[in-house]
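model-v7.cif (mmCIF, C-alpha atoms) appears below.
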data_entry
loop_
_atom_site.group_PDB
_atom_site.id
_atom_site.type_symbol
_atom_site.label_atom_id
_atom_site.label_comp_id
_atom_site.auth_asym_id
_atom_site.auth_seq_id
_atom_site.Cartn_x
_atom_site.Cartn_y
_atom_site.Cartn_z
ATOM 1 C CA MET A 16 -6.240 -25.420 -30.420
ATOM 2 C CA LYS A 17 -8.205 -22.142 -30.159
ATOM 3 C CA LYS A 18 -5.526 -20.832 -27.840
ATOM 4 C CA LEU A 19 -2.833 -21.654 -30.408
ATOM 5 C CA PHE A 20 -4.763 -19.858 -33.140
ATOM 6 C CA ALA A 21 -5.210 -16.866 -30.862
ATOM 7 C CA LEU A 22 -1.503 -16.737 -30.070
ATOM 8 C CA ALA A 23 -0.671 -16.996 -33.774
ATOM 9 C CA ALA A 24 -3.059 -14.161 -34.556
ATOM 10 C CA ILE A 25 -1.518 -11.996 -31.836
ATOM 11 C CA ALA A 26 1.992 -12.740 -33.147
ATOM 12 C CA ALA A 27 0.959 -11.923 -36.706
ATOM 13 C CA ALA A 28 -0.632 -8.679 -35.559
ATOM 14 C CA ALA A 29 2.541 -7.757 -33.656
ATOM 15 C CA VAL A 30 4.681 -8.388 -36.739
ATOM 16 C CA GLY A 31 2.281 -6.335 -38.857
ATOM 17 C CA ALA A 32 2.350 -3.438 -36.423
ATOM 18 C CA HIS A 33 6.158 -3.583 -36.288
ATOM 19 C CA ALA A 34 6.329 -3.605 -40.070
ATOM 20 C CA GLN A 35 4.031 -0.601 -40.343
ATOM 21 C CA ASP A 36 6.353 1.325 -37.972
ATOM 22 C CA PHE A 37 9.465 0.491 -40.026
ATOM 23 C CA PRO A 38 12.110 1.849 -39.734
ATOM 24 C CA ALA A 39 11.092 3.232 -36.332
ATOM 25 C CA GLY A 40 14.230 5.338 -35.991
ATOM 26 C CA LYS A 41 16.580 2.353 -36.255
ATOM 27 C CA PRO A 42 19.487 2.469 -38.738
ATOM 28 C CA VAL A 43 19.325 0.299 -41.852
ATOM 29 C CA THR A 44 22.477 -1.486 -43.034
ATOM 30 C CA LEU A 45 23.099 -1.616 -46.769
ATOM 31 C CA VAL A 46 25.624 -4.384 -47.446
ATOM 32 C CA VAL A 47 27.944 -3.882 -50.426
ATOM 33 C CA PRO A 48 29.769 -7.134 -51.291
ATOM 34 C CA PHE A 49 32.775 -5.229 -52.659
ATOM 35 C CA SER A 50 35.571 -3.064 -51.270
ATOM 36 C CA ALA A 51 35.096 0.604 -50.446
ATOM 37 C CA GLY A 52 35.894 3.059 -53.210
ATOM 38 C CA GLY A 53 34.834 0.872 -56.142
ATOM 39 C CA PRO A 54 32.001 1.580 -58.587
ATOM 40 C CA THR A 55 29.368 -0.443 -56.688
ATOM 41 C CA ASP A 56 30.380 1.173 -53.404
ATOM 42 C CA ARG A 57 29.924 4.600 -54.976
ATOM 43 C CA VAL A 58 26.435 3.678 -56.184
ATOM 44 C CA ALA A 59 25.566 2.369 -52.707
ATOM 45 C CA ARG A 60 26.676 5.560 -50.990
ATOM 46 C CA ASP A 61 24.759 7.714 -53.462
ATOM 47 C CA LEU A 62 21.665 5.574 -52.949
ATOM 48 C CA ALA A 63 22.049 5.563 -49.163
ATOM 49 C CA GLU A 64 22.057 9.359 -49.111
ATOM 50 C CA SER A 65 18.798 9.468 -51.035
ATOM 51 C CA LEU A 66 17.097 6.631 -49.110
ATOM 52 C CA GLN A 67 17.794 8.413 -45.846
ATOM 53 C CA LYS A 68 15.606 11.312 -46.974
ATOM 54 C CA THR A 69 12.588 9.103 -47.654
ATOM 55 C CA LEU A 70 12.938 6.528 -44.871
ATOM 56 C CA GLY A 71 13.920 9.109 -42.272
ATOM 57 C CA THR A 72 16.696 7.031 -40.759
ATOM 58 C CA THR A 73 20.438 6.477 -41.080
ATOM 59 C CA ILE A 74 21.623 4.115 -43.825
ATOM 60 C CA ILE A 75 24.934 2.453 -42.927
ATOM 61 C CA VAL A 76 26.996 1.168 -45.864
ATOM 62 C CA ASP A 77 28.748 -2.069 -44.882
ATOM 63 C CA ASN A 78 31.512 -3.269 -47.226
ATOM 64 C CA THR A 79 31.741 -7.061 -46.915
ATOM 65 C CA ALA A 80 33.944 -8.007 -49.845
ATOM 66 C CA GLY A 81 35.329 -11.285 -51.137
ATOM 67 C CA ALA A 82 34.718 -14.322 -53.343
ATOM 68 C CA GLY A 83 33.188 -12.442 -56.228
ATOM 69 C CA SER A 84 30.535 -10.810 -53.998
ATOM 70 C CA SER A 85 29.279 -14.141 -52.607
ATOM 71 C CA ILE A 86 30.459 -13.467 -49.017
ATOM 72 C CA GLY A 87 28.506 -10.242 -48.599
ATOM 73 C CA THR A 88 25.525 -11.700 -50.435
ATOM 74 C CA ALA A 89 25.486 -14.715 -48.097
ATOM 75 C CA LYS A 90 25.598 -12.360 -45.113
ATOM 76 C CA VAL A 91 22.328 -10.768 -46.209
ATOM 77 C CA ALA A 92 20.715 -14.123 -47.004
ATOM 78 C CA ARG A 93 21.361 -15.153 -43.374
ATOM 79 C CA ALA A 94 20.261 -11.844 -41.858
ATOM 80 C CA ASN A 95 17.089 -11.341 -39.838
ATOM 81 C CA PRO A 96 14.286 -10.689 -42.383
ATOM 82 C CA ASP A 97 13.087 -7.443 -40.832
ATOM 83 C CA GLY A 98 14.196 -4.876 -43.405
ATOM 84 C CA TYR A 99 17.143 -3.592 -41.410
ATOM 85 C CA THR A 100 19.718 -5.460 -43.518
ATOM 86 C CA LEU A 101 19.676 -4.952 -47.277
ATOM 87 C CA LEU A 102 21.983 -5.831 -50.160
ATOM 88 C CA LEU A 103 23.117 -3.772 -53.117
ATOM 89 C CA ASN A 104 24.727 -6.014 -55.719
ATOM 90 C CA HIS A 105 25.465 -5.806 -59.413
ATOM 91 C CA ILE A 106 25.357 -8.225 -62.341
ATOM 92 C CA GLY A 107 27.113 -10.736 -60.073
ATOM 93 C CA MET A 108 23.674 -11.819 -58.839
ATOM 94 C CA SER A 109 23.125 -13.409 -62.246
ATOM 95 C CA THR A 110 26.599 -14.862 -62.773
ATOM 96 C CA MET A 111 27.354 -16.420 -59.380
ATOM 97 C CA PRO A 112 25.158 -19.494 -60.040
ATOM 98 C CA ALA A 113 27.398 -20.422 -62.988
ATOM 99 C CA LEU A 114 30.722 -19.231 -61.561
ATOM 100 C CA TYR A 115 30.482 -21.102 -58.252
ATOM 101 C CA ARG A 116 29.983 -24.837 -57.898
ATOM 102 C CA LYS A 117 28.460 -24.356 -54.451
ATOM 103 C CA LEU A 118 26.785 -21.282 -53.038
ATOM 104 C CA PRO A 119 25.383 -20.972 -49.491
ATOM 105 C CA PHE A 120 22.257 -19.359 -50.939
ATOM 106 C CA ASN A 121 19.944 -19.542 -53.930
ATOM 107 C CA VAL A 122 19.877 -16.278 -55.864
ATOM 108 C CA GLU A 123 16.303 -16.662 -57.047
ATOM 109 C CA ASN A 124 14.736 -18.152 -53.911
ATOM 110 C CA ASP A 125 16.563 -16.736 -50.875
ATOM 111 C CA PHE A 126 15.974 -13.027 -51.437
ATOM 112 C CA GLU A 127 13.177 -10.530 -51.782
ATOM 113 C CA TYR A 128 13.777 -8.413 -54.881
ATOM 114 C CA LEU A 129 13.332 -4.693 -54.305
ATOM 115 C CA GLY A 130 14.077 -3.067 -57.662
ATOM 116 C CA MET A 131 16.887 -2.109 -60.012
ATOM 117 C CA VAL A 132 18.743 1.135 -59.498
ATOM 118 C CA ASN A 133 20.900 1.817 -62.544
ATOM 119 C CA GLU A 134 22.977 0.480 -65.400
ATOM 120 C CA VAL A 135 26.610 1.355 -66.109
ATOM 121 C CA PRO A 136 27.874 1.055 -69.712
ATOM 122 C CA MET A 137 31.251 -0.465 -70.531
ATOM 123 C CA THR A 138 34.054 0.450 -72.894
ATOM 124 C CA LEU A 139 36.615 -1.598 -74.786
ATOM 125 C CA ILE A 140 40.036 0.008 -74.379
ATOM 126 C CA GLY A 141 43.604 -0.879 -75.309
ATOM 127 C CA LYS A 142 47.146 -0.089 -74.181
ATOM 128 C CA PRO A 143 48.657 3.188 -75.431
ATOM 129 C CA GLY A 144 51.075 1.484 -77.824
ATOM 130 C CA LEU A 145 48.541 -0.594 -79.717
ATOM 131 C CA PRO A 146 48.914 0.048 -83.465
ATOM 132 C CA ALA A 147 45.125 -0.058 -83.996
ATOM 133 C CA ASN A 148 43.448 3.358 -83.945
ATOM 134 C CA ASN A 149 39.821 2.255 -84.415
ATOM 135 C CA TYR A 150 37.734 -0.873 -84.004
ATOM 136 C CA LYS A 151 38.187 -2.052 -87.608
ATOM 137 C CA GLU A 152 41.948 -1.862 -87.237
ATOM 138 C CA LEU A 153 41.679 -3.573 -83.865
ATOM 139 C CA THR A 154 39.946 -6.624 -85.349
ATOM 140 C CA THR A 155 42.667 -6.847 -87.990
ATOM 141 C CA TRP A 156 45.305 -6.710 -85.257
ATOM 142 C CA ILE A 157 43.486 -9.329 -83.151
ATOM 143 C CA ASN A 158 43.270 -11.740 -86.084
ATOM 144 C CA ALA A 159 46.951 -11.252 -86.841
ATOM 145 C CA ASN A 160 47.952 -11.899 -83.216
ATOM 146 C CA LYS A 161 45.836 -14.902 -82.205
ATOM 147 C CA GLY A 162 47.271 -16.644 -79.179
ATOM 148 C CA LYS A 163 49.380 -13.636 -78.193
ATOM 149 C CA ILE A 164 46.771 -11.230 -76.802
ATOM 150 C CA ASN A 165 46.515 -10.531 -73.064
ATOM 151 C CA LEU A 166 43.042 -9.496 -71.917
ATOM 152 C CA GLY A 167 42.987 -8.042 -68.410
ATOM 153 C CA ASN A 168 40.205 -8.235 -65.849
ATOM 154 C CA ALA A 169 39.597 -7.206 -62.248
ATOM 155 C CA GLY A 170 39.110 -10.774 -60.999
ATOM 156 C CA LEU A 171 36.745 -13.724 -61.304
ATOM 157 C CA GLY A 172 33.184 -12.532 -61.772
ATOM 158 C CA ALA A 173 34.171 -8.870 -62.084
ATOM 159 C CA ALA A 174 32.445 -6.702 -64.683
ATOM 160 C CA SER A 175 35.597 -6.655 -66.798
ATOM 161 C CA HIS A 176 35.873 -10.450 -66.602
ATOM 162 C CA LEU A 177 32.299 -10.923 -67.829
ATOM 163 C CA CYS A 178 32.649 -8.391 -70.641
ATOM 164 C CA GLY A 179 35.873 -10.080 -71.724
ATOM 165 C CA LEU A 180 34.179 -13.487 -71.839
ATOM 166 C CA LEU A 181 31.343 -12.124 -73.958
ATOM 167 C CA PHE A 182 33.776 -10.328 -76.277
ATOM 168 C CA GLN A 183 35.803 -13.494 -76.887
ATOM 169 C CA SER A 184 32.619 -15.499 -77.384
ATOM 170 C CA ALA A 185 31.337 -12.999 -79.959
ATOM 171 C CA LEU A 186 34.651 -12.986 -81.845
ATOM 172 C CA LYS A 187 35.120 -16.744 -81.456
ATOM 173 C CA ILE A 188 38.740 -16.018 -80.533
ATOM 174 C CA GLU A 189 40.410 -16.990 -77.262
ATOM 175 C CA MET A 190 42.699 -14.529 -75.511
ATOM 176 C CA THR A 191 44.909 -15.009 -72.467
ATOM 177 C CA PRO A 192 43.024 -13.802 -69.375
ATOM 178 C CA VAL A 193 45.098 -11.812 -66.884
ATOM 179 C CA PRO A 194 43.168 -11.445 -63.595
ATOM 180 C CA TYR A 195 43.951 -8.720 -61.062
ATOM 181 C CA LYS A 196 42.729 -7.948 -57.561
ATOM 182 C CA GLY A 197 40.623 -5.016 -58.642
ATOM 183 C CA THR A 198 40.338 -2.582 -61.519
ATOM 184 C CA ALA A 199 43.050 -0.144 -60.409
ATOM 185 C CA PRO A 200 45.996 -2.558 -60.900
ATOM 186 C CA ALA A 201 44.500 -3.777 -64.192
ATOM 187 C CA ILE A 202 44.347 -0.240 -65.572
ATOM 188 C CA ALA A 203 47.835 0.481 -64.237
ATOM 189 C CA ASP A 204 49.233 -2.483 -66.189
ATOM 190 C CA LEU A 205 47.239 -1.496 -69.278
ATOM 191 C CA LEU A 206 48.811 1.963 -69.121
ATOM 192 C CA GLY A 207 52.194 0.334 -68.691
ATOM 193 C CA GLY A 208 51.663 -1.983 -71.653
ATOM 194 C CA GLN A 209 51.759 -5.236 -69.636
ATOM 195 C CA ILE A 210 48.314 -6.190 -70.959
ATOM 196 C CA ASP A 211 46.764 -5.405 -74.322
ATOM 197 C CA LEU A 212 43.039 -4.965 -73.802
ATOM 198 C CA LEU A 213 40.489 -4.326 -71.066
ATOM 199 C CA CYS A 214 36.701 -4.038 -71.144
ATOM 200 C CA ASP A 215 35.480 -2.140 -68.103
ATOM 201 C CA GLN A 216 32.857 0.230 -66.751
ATOM 202 C CA THR A 217 32.709 3.865 -67.795
ATOM 203 C CA THR A 218 33.086 4.741 -64.106
ATOM 204 C CA ASN A 219 36.640 3.380 -64.353
ATOM 205 C CA THR A 220 37.639 4.252 -67.918
ATOM 206 C CA THR A 221 36.156 7.624 -68.871
ATOM 207 C CA SER A 222 38.885 9.731 -67.246
ATOM 208 C CA GLN A 223 41.600 7.647 -68.937
ATOM 209 C CA ILE A 224 39.860 7.975 -72.310
ATOM 210 C CA GLU A 225 39.326 11.708 -71.847
ATOM 211 C CA ALA A 226 43.019 12.178 -71.012
ATOM 212 C CA LYS A 227 43.940 10.066 -74.091
ATOM 213 C CA LYS A 228 46.028 7.751 -71.929
ATOM 214 C CA VAL A 229 44.480 4.642 -73.525
ATOM 215 C CA LYS A 230 43.166 3.639 -76.937
ATOM 216 C CA ALA A 231 39.341 3.616 -76.894
ATOM 217 C CA TYR A 232 37.549 1.423 -79.424
ATOM 218 C CA ALA A 233 33.863 0.960 -78.625
ATOM 219 C CA VAL A 234 31.058 1.002 -76.072
ATOM 220 C CA THR A 235 28.941 -2.000 -75.141
ATOM 221 C CA THR A 236 25.531 -0.332 -75.236
ATOM 222 C CA SER A 237 22.912 -0.685 -77.976
ATOM 223 C CA LYS A 238 23.173 3.046 -78.734
ATOM 224 C CA ARG A 239 26.064 5.484 -78.633
ATOM 225 C CA LEU A 240 26.592 7.343 -75.365
ATOM 226 C CA THR A 241 26.088 11.075 -74.970
ATOM 227 C CA THR A 242 28.930 11.588 -72.475
ATOM 228 C CA PRO A 243 31.272 14.160 -74.121
ATOM 229 C CA ALA A 244 34.391 11.987 -73.792
ATOM 230 C CA LEU A 245 32.602 8.925 -75.216
ATOM 231 C CA LYS A 246 30.086 10.307 -77.724
ATOM 232 C CA ASP A 247 32.281 9.560 -80.751
ATOM 233 C CA LEU A 248 32.870 5.913 -79.835
ATOM 234 C CA PRO A 249 30.904 3.399 -81.935
ATOM 235 C CA THR A 250 28.957 0.576 -80.335
ATOM 236 C CA LEU A 251 30.244 -2.974 -80.747
ATOM 237 C CA ASP A 252 26.896 -3.795 -82.350
ATOM 238 C CA GLU A 253 27.307 -1.216 -85.116
ATOM 239 C CA SER A 254 30.951 -2.268 -85.474
ATOM 240 C CA GLY A 255 29.907 -5.753 -86.529
ATOM 241 C CA LEU A 256 29.250 -7.722 -83.331
ATOM 242 C CA LYS A 257 25.479 -7.778 -83.835
ATOM 243 C CA GLY A 258 23.473 -8.038 -80.646
ATOM 244 C CA PHE A 259 26.483 -7.353 -78.408
ATOM 245 C CA GLU A 260 25.177 -5.517 -75.390
ATOM 246 C CA VAL A 261 26.313 -5.629 -71.787
ATOM 247 C CA SER A 262 25.994 -3.168 -68.942
ATOM 248 C CA ILE A 263 26.599 -3.498 -65.236
ATOM 249 C CA TRP A 264 23.300 -3.098 -63.461
ATOM 250 C CA HIS A 265 22.678 -2.709 -59.736
ATOM 251 C CA GLY A 266 19.709 -3.902 -57.699
ATOM 252 C CA VAL A 267 18.562 -3.973 -54.072
ATOM 253 C CA TYR A 268 17.575 -7.131 -52.151
ATOM 254 C CA ALA A 269 16.313 -8.153 -48.710
ATOM 255 C CA PRO A 270 16.407 -11.517 -46.934
ATOM 256 C CA LYS A 271 13.599 -13.915 -47.865
ATOM 257 C CA GLY A 272 10.613 -13.528 -45.577
ATOM 258 C CA THR A 273 10.896 -9.790 -44.966
ATOM 259 C CA PRO A 274 7.336 -8.547 -44.248
ATOM 260 C CA ALA A 275 5.444 -7.220 -47.255
ATOM 261 C CA PRO A 276 4.708 -3.790 -45.693
ATOM 262 C CA VAL A 277 8.428 -3.293 -45.077
ATOM 263 C CA LEU A 278 9.276 -4.307 -48.637
ATOM 264 C CA LYS A 279 6.673 -1.852 -49.917
ATOM 265 C CA LYS A 280 8.213 1.023 -47.930
ATOM 266 C CA ILE A 281 11.715 0.237 -49.144
ATOM 267 C CA ASN A 282 10.605 -0.051 -52.762
ATOM 268 C CA GLU A 283 8.803 3.282 -52.490
ATOM 269 C CA ALA A 284 12.020 4.826 -51.153
ATOM 270 C CA ILE A 285 13.995 3.338 -54.061
ATOM 271 C CA ARG A 286 11.512 4.691 -56.595
ATOM 272 C CA ALA A 287 11.749 8.095 -54.910
ATOM 273 C CA ALA A 288 15.540 7.943 -55.266
ATOM 274 C CA MET A 289 15.163 7.340 -58.997
ATOM 275 C CA LYS A 290 13.480 10.759 -59.183
ATOM 276 C CA ASP A 291 15.775 12.552 -56.727
ATOM 277 C CA PRO A 292 17.661 15.270 -58.689
ATOM 278 C CA ALA A 293 20.690 14.992 -56.395
ATOM 279 C CA PHE A 294 20.912 11.213 -56.858
ATOM 280 C CA ILE A 295 20.404 11.496 -60.611
ATOM 281 C CA LYS A 296 23.163 14.111 -60.892
ATOM 282 C CA ARG A 297 25.628 12.006 -58.877
ATOM 283 C CA GLU A 298 24.907 8.878 -60.920
ATOM 284 C CA GLU A 299 25.144 10.651 -64.263
ATOM 285 C CA GLY A 300 28.520 11.939 -63.104
ATOM 286 C CA LEU A 301 29.613 8.290 -62.882
ATOM 287 C CA GLY A 302 28.351 7.575 -66.383
ATOM 288 C CA ALA A 303 25.440 5.548 -65.008
ATOM 289 C CA VAL A 304 21.917 5.433 -66.463
ATOM 290 C CA ILE A 305 19.120 5.604 -63.878
ATOM 291 C CA THR A 306 16.458 2.871 -64.082
ATOM 292 C CA THR A 307 13.195 4.428 -65.192
ATOM 293 C CA ASP A 308 11.388 1.382 -66.606
ATOM 294 C CA LYS A 309 9.360 -1.384 -64.925
ATOM 295 C CA ARG A 310 12.485 -3.062 -63.546
ATOM 296 C CA VAL A 311 12.358 -0.664 -60.610
ATOM 297 C CA GLU A 312 9.417 -2.811 -59.440
ATOM 298 C CA PRO A 313 10.204 -6.074 -57.559
ATOM 299 C CA ALA A 314 8.484 -8.514 -59.943
ATOM 300 C CA GLU A 315 10.114 -7.075 -63.070
ATOM 301 C CA HIS A 316 13.469 -6.877 -61.311
ATOM 302 C CA LYS A 317 13.279 -10.593 -60.477
ATOM 303 C CA LYS A 318 12.175 -11.480 -64.020
ATOM 304 C CA PHE A 319 15.135 -9.531 -65.432
ATOM 305 C CA VAL A 320 17.667 -11.283 -63.180
ATOM 306 C CA ALA A 321 16.259 -14.680 -64.212
ATOM 307 C CA ALA A 322 16.800 -13.721 -67.866
ATOM 308 C CA GLU A 323 20.359 -12.600 -67.079
ATOM 309 C CA ILE A 324 21.077 -15.939 -65.356
ATOM 310 C CA ALA A 325 19.907 -17.710 -68.508
ATOM 311 C CA LYS A 326 22.088 -15.417 -70.660
ATOM 312 C CA TRP A 327 25.350 -15.687 -68.711
ATOM 313 C CA GLY A 328 25.206 -19.340 -67.647
ATOM 314 C CA PRO A 329 26.071 -20.848 -71.060
ATOM 315 C CA ILE A 330 28.783 -18.243 -71.733
ATOM 316 C CA ILE A 331 30.539 -18.888 -68.423
ATOM 317 C CA LYS A 332 30.226 -22.659 -68.700
ATOM 318 C CA ALA A 333 31.524 -22.656 -72.290
ATOM 319 C CA ALA A 334 34.554 -20.673 -71.089
ATOM 320 C CA GLY A 335 35.192 -23.306 -68.401
ATOM 321 C CA VAL A 336 35.683 -20.799 -65.596
ATOM 322 C CA TYR A 337 34.475 -21.532 -62.093
ATOM 323 C CA ALA A 338 35.403 -21.181 -58.436
ATOM 324 C CA ASP A 339 34.986 -23.678 -55.613
#

Please go through the file and, once you have read it, give me the structure as structure tokens.
Amino acid sequence: MKKLFALAAIAAAAVGAHAQDFPAGKPVTLVVPFSAGGPTDRVARDLAESLQKTLGTTIIVDNTAGAGSSIGTAKVARANPDGYTLLLNHIGMSTMPALYRKLPFNVENDFEYLGMVNEVPMTLIGKPGLPANNYKELTTWINANKGKINLGNAGLGAASHLCGLLFQSALKIEMTPVPYKGTAPAIADLLGGQIDLLCDQTTNTTSQIEAKKVKAYAVTTSKRLTTPALKDLPTLDESGLKGFEVSIWHGVYAPKGTPAPVLKKINEAIRAAMKDPAFIKREEGLGAVITTDKRVEPAEHKKFVAAEIAKWGPIIKAAGVYAD
């Protein structure tokens, strides 16, 4: 028995020493459960560049897309819990439990939470030929065209899908969902007039709004944005949908069981990124708001995601949308 305890102590000491040496010159893989070139991929690559400075090692961005981010997320849940495989995911971490009947992981129990990175506001936009020129006129048009309105989205569980669900829930009006395989084709059809409305991230819509290629009606934040192209847009809250607020946040995760010293080093690197002028400049260029509150800490990050799960679950279930 003493020998077993001694062996266990030696093993624990070895793990501790290994953790203290992390990352020991080895590359760290940051899994992005979406395709390259999208908003979350851009955030990941910006973050990777900053993390490399603090951790002193290469950060490899691995795009493992599919099934509303669940494939890439499952990959990290199964990974060796040593800190060398991390996940950057968005609001999907809080919506997957309601969207999918079966998941190969438990969002709240199978990951170590490492901190939130940013939040990306969203905008409600319409096709160029819509007769409504402001949000008040838009609501009049919506009420006059019940049952005829096509609301686009970038696919099940996408940011635009979630915003659309919340918008319909707030209005208590059902629209016809038109899912696409990504934001680009959705915006293309909006520009072409094949769909009527789209609610998507500023990272995808600001250039279209600035070029006046779409009708812009409102932002989904609690306060108006300061971005020049968006500063004159009202919030949905001030427009009459009281309490309407949704943004697409991003957080970092590690497999459950990753040693505490490793988690501490990674969190310190994330907090350093939140103060990195180069990272801040790149993110602001995407219309993102850097996390500066307590949610950059693991415990607050986990508490926030739990609250988001509670928020989105009833909305998704009431809409009757799910995937096997």

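Among the candidates A:Gly258, A:Gly144, A:Gly98, A:Gly179, the one nearest to Val193 in chain A when counting all atoms listed in the file is A:Gly179.
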
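Nearest residue to Glu315 in chain A, choosing from A:Gln35, A:Val46, A:Val58, A:Gly130 and counting only C-alpha atoms: A:Gly130.
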
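CA of Gln67 in chain A is found 10.9 Å from CA of Gly40 in chain A.
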
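Take CA of Ser65 in chain A and CA of Ala39 in chain A: the distance between them is 17.7 Å.
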
Exercise for review: Apply the PyMOL selection byres ((chain A and resi 208-220) around 6) to the structure shown and report the selected residues as a ChimeraX atom specification.
Suggested key: /A:136-142,165-167,175,178,204-207,221-223,301-302

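Straight-line separation from CA of Thr235 in chain A to CA of Glu134 in chain A: 11.7 Å.
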
Near Thr273 in chain A, within 8 Å and counting only C-alpha atoms, which residues show up once chain neighbours fewer than 3 positions away are dropped, as a PDB file with C-alpha atoms, keeping the file's coordinate frame?
ATOM      1  CA  PRO A  96      14.286 -10.689 -42.383  1.00  0.00           C
ATOM      2  CA  ASP A  97      13.087  -7.443 -40.832  1.00  0.00           C
ATOM      3  CA  GLY A  98      14.196  -4.876 -43.405  1.00  0.00           C
ATOM      4  CA  GLU A 127      13.177 -10.530 -51.782  1.00  0.00           C
ATOM      5  CA  ALA A 269      16.313  -8.153 -48.710  1.00  0.00           C
ATOM      6  CA  PRO A 270      16.407 -11.517 -46.934  1.00  0.00           C
ATOM      7  CA  VAL A 277       8.428  -3.293 -45.077  1.00  0.00           C
ATOM      8  CA  LEU A 278       9.276  -4.307 -48.637  1.00  0.00           C
TER       9      LEU A 278
END

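Applied to this file, the PyMOL selection byres ((chain A and resi 305) around 8) selects the residues Val132, Asn133, Glu134, Met289, Ile295, Glu298, Glu299, Ala303, Val304, Thr306 and Thr307 of chain A.
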
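Summary of the local environment: counting all atoms listed in the file, residues at most 8 Å from Ala51 in chain A, other than itself and those fewer than 3 positions away along its chain, are A:Asp56, A:Arg57, A:Asn78.
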
Which neighbours of Ala321 in chain A fall inside 12 Å, counting all atoms listed in the file, when residues of the same chain fewer than 3 positions from it are skipped, and could you give them as an NGL selection string? :A and (106 or 108-110 or 112 or 121-124 or 128 or 314-318 or 324-328)

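For the set A:Thr44, A:Thr250, A:Thr88, A:Asn95, the residue with the smallest atom-to-atom gap to Pro119 in chain A is A:Thr88, counting only C-alpha atoms.
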
Shell around range 151-153 of chain A at 12 Å using all atoms listed in the file, local window under 5 positions removed, as a PyMOL selection string: chain A and resi 139-142+145-146+158-160+164+186+211-212+230-233+249+251+253-256

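The nearest approach to Leu45 in chain A among the residues A:Thr100, A:Gly87, A:Val336, A:Leu70, with only C-alpha atoms taken into account, belongs to A:Thr100.
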
Closest of A:Leu62, A:Thr72, A:Tyr268, A:Ser84 to Lys41 in chain A, counting only C-alpha atoms, is A:Thr72

As a PDB file, keeping the file's coordinate frame, the rebuilt range 247-258 of chain A with N, CA and C atoms:
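Contents of the output file result-v4.pdb:
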ATOM      1  N   ASP A 247      31.815   9.922 -79.411  1.00  0.00           N
ATOM      2  CA  ASP A 247      32.281   9.560 -80.751  1.00  0.00           C
ATOM      3  C   ASP A 247      32.644   8.083 -80.877  1.00  0.00           C
ATOM      4  N   LEU A 248      32.543   7.341 -79.783  1.00  0.00           N
ATOM      5  CA  LEU A 248      32.870   5.913 -79.835  1.00  0.00           C
ATOM      6  C   LEU A 248      31.707   5.127 -80.433  1.00  0.00           C
ATOM      7  N   PRO A 249      31.978   4.231 -81.381  1.00  0.00           N
ATOM      8  CA  PRO A 249      30.904   3.399 -81.935  1.00  0.00           C
ATOM      9  C   PRO A 249      30.503   2.325 -80.937  1.00  0.00           C
ATOM     10  N   THR A 250      29.347   1.736 -81.138  1.00  0.00           N
ATOM     11  CA  THR A 250      28.957   0.576 -80.335  1.00  0.00           C
ATOM     12  C   THR A 250      29.568  -0.670 -80.976  1.00  0.00           C
ATOM     13  N   LEU A 251      29.745  -1.721 -80.180  1.00  0.00           N
ATOM     14  CA  LEU A 251      30.244  -2.974 -80.747  1.00  0.00           C
ATOM     15  C   LEU A 251      29.223  -3.564 -81.719  1.00  0.00           C
ATOM     16  N   ASP A 252      27.952  -3.307 -81.457  1.00  0.00           N
ATOM     17  CA  ASP A 252      26.896  -3.795 -82.350  1.00  0.00           C
ATOM     18  C   ASP A 252      27.039  -3.176 -83.736  1.00  0.00           C
ATOM     19  N   GLU A 253      27.183  -1.868 -83.802  1.00  0.00           N
ATOM     20  CA  GLU A 253      27.307  -1.216 -85.116  1.00  0.00           C
ATOM     21  C   GLU A 253      28.651  -1.511 -85.763  1.00  0.00           C
ATOM     22  N   SER A 254      29.627  -1.952 -84.943  1.00  0.00           N
ATOM     23  CA  SER A 254      30.951  -2.268 -85.474  1.00  0.00           C
ATOM     24  C   SER A 254      31.029  -3.667 -86.072  1.00  0.00           C
ATOM     25  N   GLY A 255      29.939  -4.424 -85.926  1.00  0.00           N
ATOM     26  CA  GLY A 255      29.907  -5.753 -86.529  1.00  0.00           C
ATOM     27  C   GLY A 255      29.554  -6.896 -85.603  1.00  0.00           C
ATOM     28  N   LEU A 256      29.635  -6.675 -84.284  1.00  0.00           N
ATOM     29  CA  LEU A 256      29.250  -7.722 -83.331  1.00  0.00           C
ATOM     30  C   LEU A 256      27.767  -7.559 -83.010  1.00  0.00           C
ATOM     31  N   LYS A 257      26.918  -7.983 -83.939  1.00  0.00           N
ATOM     32  CA  LYS A 257      25.479  -7.778 -83.835  1.00  0.00           C
ATOM     33  C   LYS A 257      24.905  -8.386 -82.544  1.00  0.00           C
ATOM     34  N   GLY A 258      24.119  -7.577 -81.863  1.00  0.00           N
ATOM     35  CA  GLY A 258      23.473  -8.038 -80.646  1.00  0.00           C
ATOM     36  C   GLY A 258      24.341  -7.945 -79.410  1.00  0.00           C
TER      37      GLY A 258
END
